[in-house]
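Colleague: After the structure tokens below, expect a handful of questions from me.
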Amino acid sequence: MLGTKGRMTQIFDEKGVVSAATVITAGPLTVTQVKSPEKDGYRSAQVGFGTRKEKNVNKPQQGHQKDLALSRYMREFSPDGEVKRGDIIDISIFTPGDIVEVSAISKGKGFQGVVKRHGFHGGPRSHGQKNKERAPGSIGGGGRAGARVIKGMRMAGRMGGDRITVKNLRVLQVDAASNTLVISGAIPGKPGTLIEIRSQANHDK
């Protein structure tokens with residue numbers, strides 16, 4: 001399932017236990033193409049999500065989605081059952097209590113130092129230390145790789161903007177009327193980020 005991230009909230013269960021949760025606007029999805037092992041070498045279903053104006057879609061994509069609504073996002077999944085082009089998939093495939101995994105692009109945080117990016121403790125705050133508390137320290141020498149900077153050295157750099165997958169999240173509420181899912185825990189990205197939701201039981205198989 002595809003959706004967009006919304007706000008976070010709190011959900012109380014029947015015992016009064018509160019859980020942090022994220023509200024997601026999910027689906028409906030339109031099957032735009034079905035791939036088969038005989039023709040394409042593998043089996044999958046290509047689905048479209050969201051809407052887009054015709055003037056913002058190139059001619060090949062318009063032809064590919066002929067007779068269907070023009071989708072903003074397109075992804076491929078391995079279908080559990082038989083599907084055909086034009087089928088609609090909505091959030092009724094989920095029920096409260098399902099265990100899912102969610103993937104999304106995390107927030108970009110720009111160029112960050114080693115304390116924020118890698119959790120370095122920094123230098124001592126005493127004995128004349130000035131403007132060096134958050135410095136990375138030595139990056140070479142000590143017999144490592146002939147005094148060169150070794151590959152994978154944790155240093156300052158661009159942080160965030162990575163594809164993150166969070167597992168073992170629970171579906172708390174399903175509202176088919178408004179295409180809204182409420183999933184436990186925090187989800188990567190900012191409000192409006194494209195979210196991929198997969199049933200963890202099926203994916204682990």
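Quick note on naming: the chains in the structure tokens go A, B, ... in the order shown, residues restart at 1 in each chain, and ligands are numbered from 1 in order of appearance.
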Fewer than 6 positions away in the same chain doesn't count, so skip those; otherwise give me all residues within 12 Å of region 161-178 of chain A, counting only C-alpha atoms, as a ChimeraX atom specification.
Modeller: /A:9-14,18-28,89-111,184-190,193-201,203-204
Colleague: Those same residues - C-alpha atoms - I'd like them written as an mmCIF file, in the first residue's frame.
Modeller:
data_model
loop_
_atom_site.group_PDB
_atom_site.id
_atom_site.type_symbol
_atom_site.label_atom_id
_atom_site.label_comp_id
_atom_site.auth_asym_id
_atom_site.auth_seq_id
_atom_site.Cartn_x
_atom_site.Cartn_y
_atom_site.Cartn_z
ATOM 1 C CA THR A 9 -1.328 11.519 17.639
ATOM 2 C CA GLN A 10 -2.077 9.352 20.667
ATOM 3 C CA ILE A 11 -4.329 6.307 20.716
ATOM 4 C CA PHE A 12 -5.811 4.787 23.890
ATOM 5 C CA ASP A 13 -6.658 1.078 23.858
ATOM 6 C CA GLU A 14 -9.485 -0.622 25.764
ATOM 7 C CA VAL A 18 -1.672 5.127 25.404
ATOM 8 C CA SER A 19 0.429 4.593 22.266
ATOM 9 C CA ALA A 20 2.121 7.123 20.014
ATOM 10 C CA ALA A 21 0.770 6.765 16.486
ATOM 11 C CA THR A 22 1.035 8.236 13.005
ATOM 12 C CA VAL A 23 -1.940 9.050 10.787
ATOM 13 C CA ILE A 24 -1.475 8.039 7.130
ATOM 14 C CA THR A 25 -3.681 8.828 4.145
ATOM 15 C CA ALA A 26 -3.375 5.594 2.148
ATOM 16 C CA GLY A 27 -4.744 4.536 -1.229
ATOM 17 C CA PRO A 28 -6.738 3.833 -3.172
ATOM 18 C CA ILE A 89 -6.812 -1.695 -4.090
ATOM 19 C CA ASP A 90 -7.885 0.124 -0.930
ATOM 20 C CA ILE A 91 -7.004 -0.055 2.759
ATOM 21 C CA SER A 92 -9.602 -2.733 3.419
ATOM 22 C CA ILE A 93 -6.717 -5.191 2.926
ATOM 23 C CA PHE A 94 -5.579 -4.176 6.443
ATOM 24 C CA THR A 95 -7.281 -4.905 9.746
ATOM 25 C CA PRO A 96 -6.464 -3.526 13.216
ATOM 26 C CA GLY A 97 -3.738 -5.610 14.804
ATOM 27 C CA ASP A 98 -1.831 -6.359 11.578
ATOM 28 C CA ILE A 99 1.960 -6.134 11.826
ATOM 29 C CA VAL A 100 3.463 -4.041 9.032
ATOM 30 C CA GLU A 101 6.754 -2.523 7.967
ATOM 31 C CA VAL A 102 6.950 1.011 6.617
ATOM 32 C CA SER A 103 9.540 2.550 4.281
ATOM 33 C CA ALA A 104 10.029 6.241 3.507
ATOM 34 C CA ILE A 105 12.693 8.870 2.842
ATOM 35 C CA SER A 106 13.849 10.464 6.096
ATOM 36 C CA LYS A 107 14.045 14.206 6.666
ATOM 37 C CA GLY A 108 17.118 15.886 5.193
ATOM 38 C CA LYS A 109 19.215 17.596 7.884
ATOM 39 C CA GLY A 110 21.932 19.154 5.728
ATOM 40 C CA PHE A 111 25.658 19.147 6.524
ATOM 41 C CA SER A 184 1.769 2.756 15.954
ATOM 42 C CA GLY A 185 5.075 4.547 16.428
ATOM 43 C CA ALA A 186 6.977 7.134 14.432
ATOM 44 C CA ILE A 187 7.516 6.919 10.669
ATOM 45 C CA PRO A 188 10.411 8.478 8.697
ATOM 46 C CA GLY A 189 9.888 11.683 6.743
ATOM 47 C CA LYS A 190 7.918 14.881 7.064
ATOM 48 C CA THR A 193 6.150 12.173 2.428
ATOM 49 C CA LEU A 194 5.335 9.135 0.274
ATOM 50 C CA ILE A 195 5.009 6.042 2.489
ATOM 51 C CA GLU A 196 5.236 2.380 1.467
ATOM 52 C CA ILE A 197 3.364 -0.023 3.745
ATOM 53 C CA ARG A 198 3.898 -3.783 3.495
ATOM 54 C CA SER A 199 2.463 -6.667 5.472
ATOM 55 C CA GLN A 200 5.469 -7.917 7.382
ATOM 56 C CA ALA A 201 4.250 -11.523 7.566
ATOM 57 C CA HIS A 203 7.238 -9.855 3.160
ATOM 58 C CA ASP A 204 9.281 -12.021 5.532
#
Colleague: With distances taken over only C-alpha atoms, which residue among A:Gly3, A:Met155, A:Ser126, A:Gln61 lies nearest Ser138 (chain A)?
Modeller: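 That would be A:Met155, the residue with the smallest distance to Ser138 (chain A).
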Colleague: Which of region 70-157 of chain A end up as alpha helix (DSSP H) when DSSP is run on this backbone - answer as number ranges by chain?
Modeller: A: 114-118
Colleague: Could you take the residues named above and write them with all heavy atoms, as a PDB file, in the first residue's frame?
Modeller:
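Here's the written file out_30.pdb:
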ATOM      1  N   VAL A 114      30.152  15.586  13.527  1.00  0.00           N
ATOM      2  CA  VAL A 114      30.202  14.198  13.993  1.00  0.00           C
ATOM      3  C   VAL A 114      29.398  13.981  15.268  1.00  0.00           C
ATOM      4  O   VAL A 114      28.953  12.869  15.538  1.00  0.00           O
ATOM      5  CB  VAL A 114      31.662  13.756  14.210  1.00  0.00           C
ATOM      6  CG1 VAL A 114      32.408  13.694  12.889  1.00  0.00           C
ATOM      7  CG2 VAL A 114      32.374  14.696  15.191  1.00  0.00           C
ATOM      8  N   VAL A 115      29.194  15.022  16.080  1.00  0.00           N
ATOM      9  CA  VAL A 115      28.437  14.838  17.322  1.00  0.00           C
ATOM     10  C   VAL A 115      26.980  14.520  17.003  1.00  0.00           C
ATOM     11  O   VAL A 115      26.388  13.573  17.545  1.00  0.00           O
ATOM     12  CB  VAL A 115      28.547  16.089  18.213  1.00  0.00           C
ATOM     13  CG1 VAL A 115      27.615  15.976  19.409  1.00  0.00           C
ATOM     14  CG2 VAL A 115      29.987  16.271  18.683  1.00  0.00           C
ATOM     15  N   LYS A 116      26.383  15.278  16.102  1.00  0.00           N
ATOM     16  CA  LYS A 116      24.986  15.030  15.744  1.00  0.00           C
ATOM     17  C   LYS A 116      24.858  13.842  14.794  1.00  0.00           C
ATOM     18  O   LYS A 116      23.930  13.035  14.915  1.00  0.00           O
ATOM     19  CB  LYS A 116      24.384  16.274  15.091  1.00  0.00           C
ATOM     20  CG  LYS A 116      22.913  16.097  14.730  1.00  0.00           C
ATOM     21  CD  LYS A 116      22.281  17.414  14.327  1.00  0.00           C
ATOM     22  CE  LYS A 116      20.788  17.232  14.050  1.00  0.00           C
ATOM     23  NZ  LYS A 116      20.129  18.508  13.741  1.00  0.00           N
ATOM     24  N   ARG A 117      25.785  13.705  13.850  1.00  0.00           N
ATOM     25  CA  ARG A 117      25.658  12.683  12.815  1.00  0.00           C
ATOM     26  C   ARG A 117      25.980  11.289  13.320  1.00  0.00           C
ATOM     27  O   ARG A 117      25.336  10.315  12.937  1.00  0.00           O
ATOM     28  CB  ARG A 117      26.555  13.042  11.636  1.00  0.00           C
ATOM     29  CG  ARG A 117      26.301  12.230  10.373  1.00  0.00           C
ATOM     30  CD  ARG A 117      27.269  12.616   9.281  1.00  0.00           C
ATOM     31  NE  ARG A 117      26.912  11.985   8.017  1.00  0.00           N
ATOM     32  CZ  ARG A 117      27.775  11.739   7.046  1.00  0.00           C
ATOM     33  NH1 ARG A 117      29.049  12.085   7.185  1.00  0.00           N
ATOM     34  NH2 ARG A 117      27.397  11.150   5.926  1.00  0.00           N
ATOM     35  N   HIS A 118      26.996  11.168  14.175  1.00  0.00           N
ATOM     36  CA  HIS A 118      27.451   9.850  14.614  1.00  0.00           C
ATOM     37  C   HIS A 118      27.424   9.658  16.127  1.00  0.00           C
ATOM     38  O   HIS A 118      27.798   8.599  16.616  1.00  0.00           O
ATOM     39  CB  HIS A 118      28.870   9.584  14.110  1.00  0.00           C
ATOM     40  CG  HIS A 118      29.001   9.604  12.615  1.00  0.00           C
ATOM     41  ND1 HIS A 118      28.388   8.677  11.807  1.00  0.00           N
ATOM     42  CD2 HIS A 118      29.657  10.454  11.784  1.00  0.00           C
ATOM     43  CE1 HIS A 118      28.666   8.939  10.542  1.00  0.00           C
ATOM     44  NE2 HIS A 118      29.422  10.006  10.501  1.00  0.00           N
TER      45      HIS A 118
END
Colleague: If we count only C-alpha atoms, what is near Val57 (chain A) at a cut-off of 12 Å, once residues fewer than 3 positions away on the same chain are taken out, given as a list of chain:residue names?
Modeller: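 The residues that qualify are A:Thr51, A:Arg52, A:Lys53, A:Glu54, A:Pro60, A:Gln61, A:Gln62, A:Gly63, A:His64, A:Gln65, A:Lys66, A:Ala69, A:Leu70, A:Ser71, A:Arg72, A:Tyr73.
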Colleague: Can I get the selected residues back with C-alpha atoms, as a PDB file, in the first residue's frame?
Modeller:
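Done, and the output landed in part-v8.pdb:
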ATOM      1  CA  THR A  51      -3.544  12.241  -9.041  1.00  0.00           C
ATOM      2  CA  ARG A  52      -1.738  14.518 -11.436  1.00  0.00           C
ATOM      3  CA  LYS A  53      -2.799  17.035 -14.060  1.00  0.00           C
ATOM      4  CA  GLU A  54      -2.436  15.950 -17.692  1.00  0.00           C
ATOM      5  CA  PRO A  60       4.663   8.074 -22.824  1.00  0.00           C
ATOM      6  CA  GLN A  61       3.207   8.056 -19.308  1.00  0.00           C
ATOM      7  CA  GLN A  62      -0.150   9.268 -20.611  1.00  0.00           C
ATOM      8  CA  GLY A  63      -0.167   6.405 -23.089  1.00  0.00           C
ATOM      9  CA  HIS A  64       0.886   3.923 -20.410  1.00  0.00           C
ATOM     10  CA  GLN A  65      -2.024   5.002 -18.179  1.00  0.00           C
ATOM     11  CA  LYS A  66      -4.514   5.246 -21.030  1.00  0.00           C
ATOM     12  CA  ALA A  69      -6.553   8.168 -13.927  1.00  0.00           C
ATOM     13  CA  LEU A  70      -3.114   9.785 -14.200  1.00  0.00           C
ATOM     14  CA  SER A  71      -1.166   8.794 -11.071  1.00  0.00           C
ATOM     15  CA  ARG A  72       1.319  10.940  -9.207  1.00  0.00           C
ATOM     16  CA  TYR A  73       3.375   8.013  -7.876  1.00  0.00           C
TER      17      TYR A  73
END
Colleague: Using DSSP on the backbone coordinates, identify all residues within chain A classified as strand (DSSP E); present the result as a ChimeraX atom specification.
Modeller: /A:2-12,18-26,29-35,44-49,73-77,88-89,99-105,108-112,157-160,163-175,180-184,194-199
Colleague: When distances are computed from only C-alpha atoms, which of A:His121, A:Glu38, A:Gly50, A:Leu29 shows the smallest separation from Asp87 (chain A)?
Modeller: A:Leu29
Colleague: Region 77-173 of chain A near region 33-37 of chain A within 8 Å: what's each residue's closest atom pair and its distance in Å to one decimal, counting only C-alpha atoms, ordered by chain then ascending residue number, as CSV?
Modeller:
residue,atom,partner,partner_atom,distance
A:Val83,CA,A:Val34,CA,7.4
A:Lys84,CA,A:Val34,CA,6.3
A:Arg85,CA,A:Gln33,CA,5.5
Colleague: How far is it from CA of Met74 (chain A) to CA of Gly48 (chain A), in Å with one decimal?
Modeller: 4.4 Å
Colleague: Would you work out the distance separating CA of Asp40 (chain A) from CA of Gly81 (chain A), expressed in Å to one decimal?
Modeller: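 Separating CA of Asp40 (chain A) from CA of Gly81 (chain A) is a distance of 18.1 Å.
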Colleague: CA of Gly192 (chain A) and CA of Arg7 (chain A), how far apart in Å?
Modeller: 9.3 Å
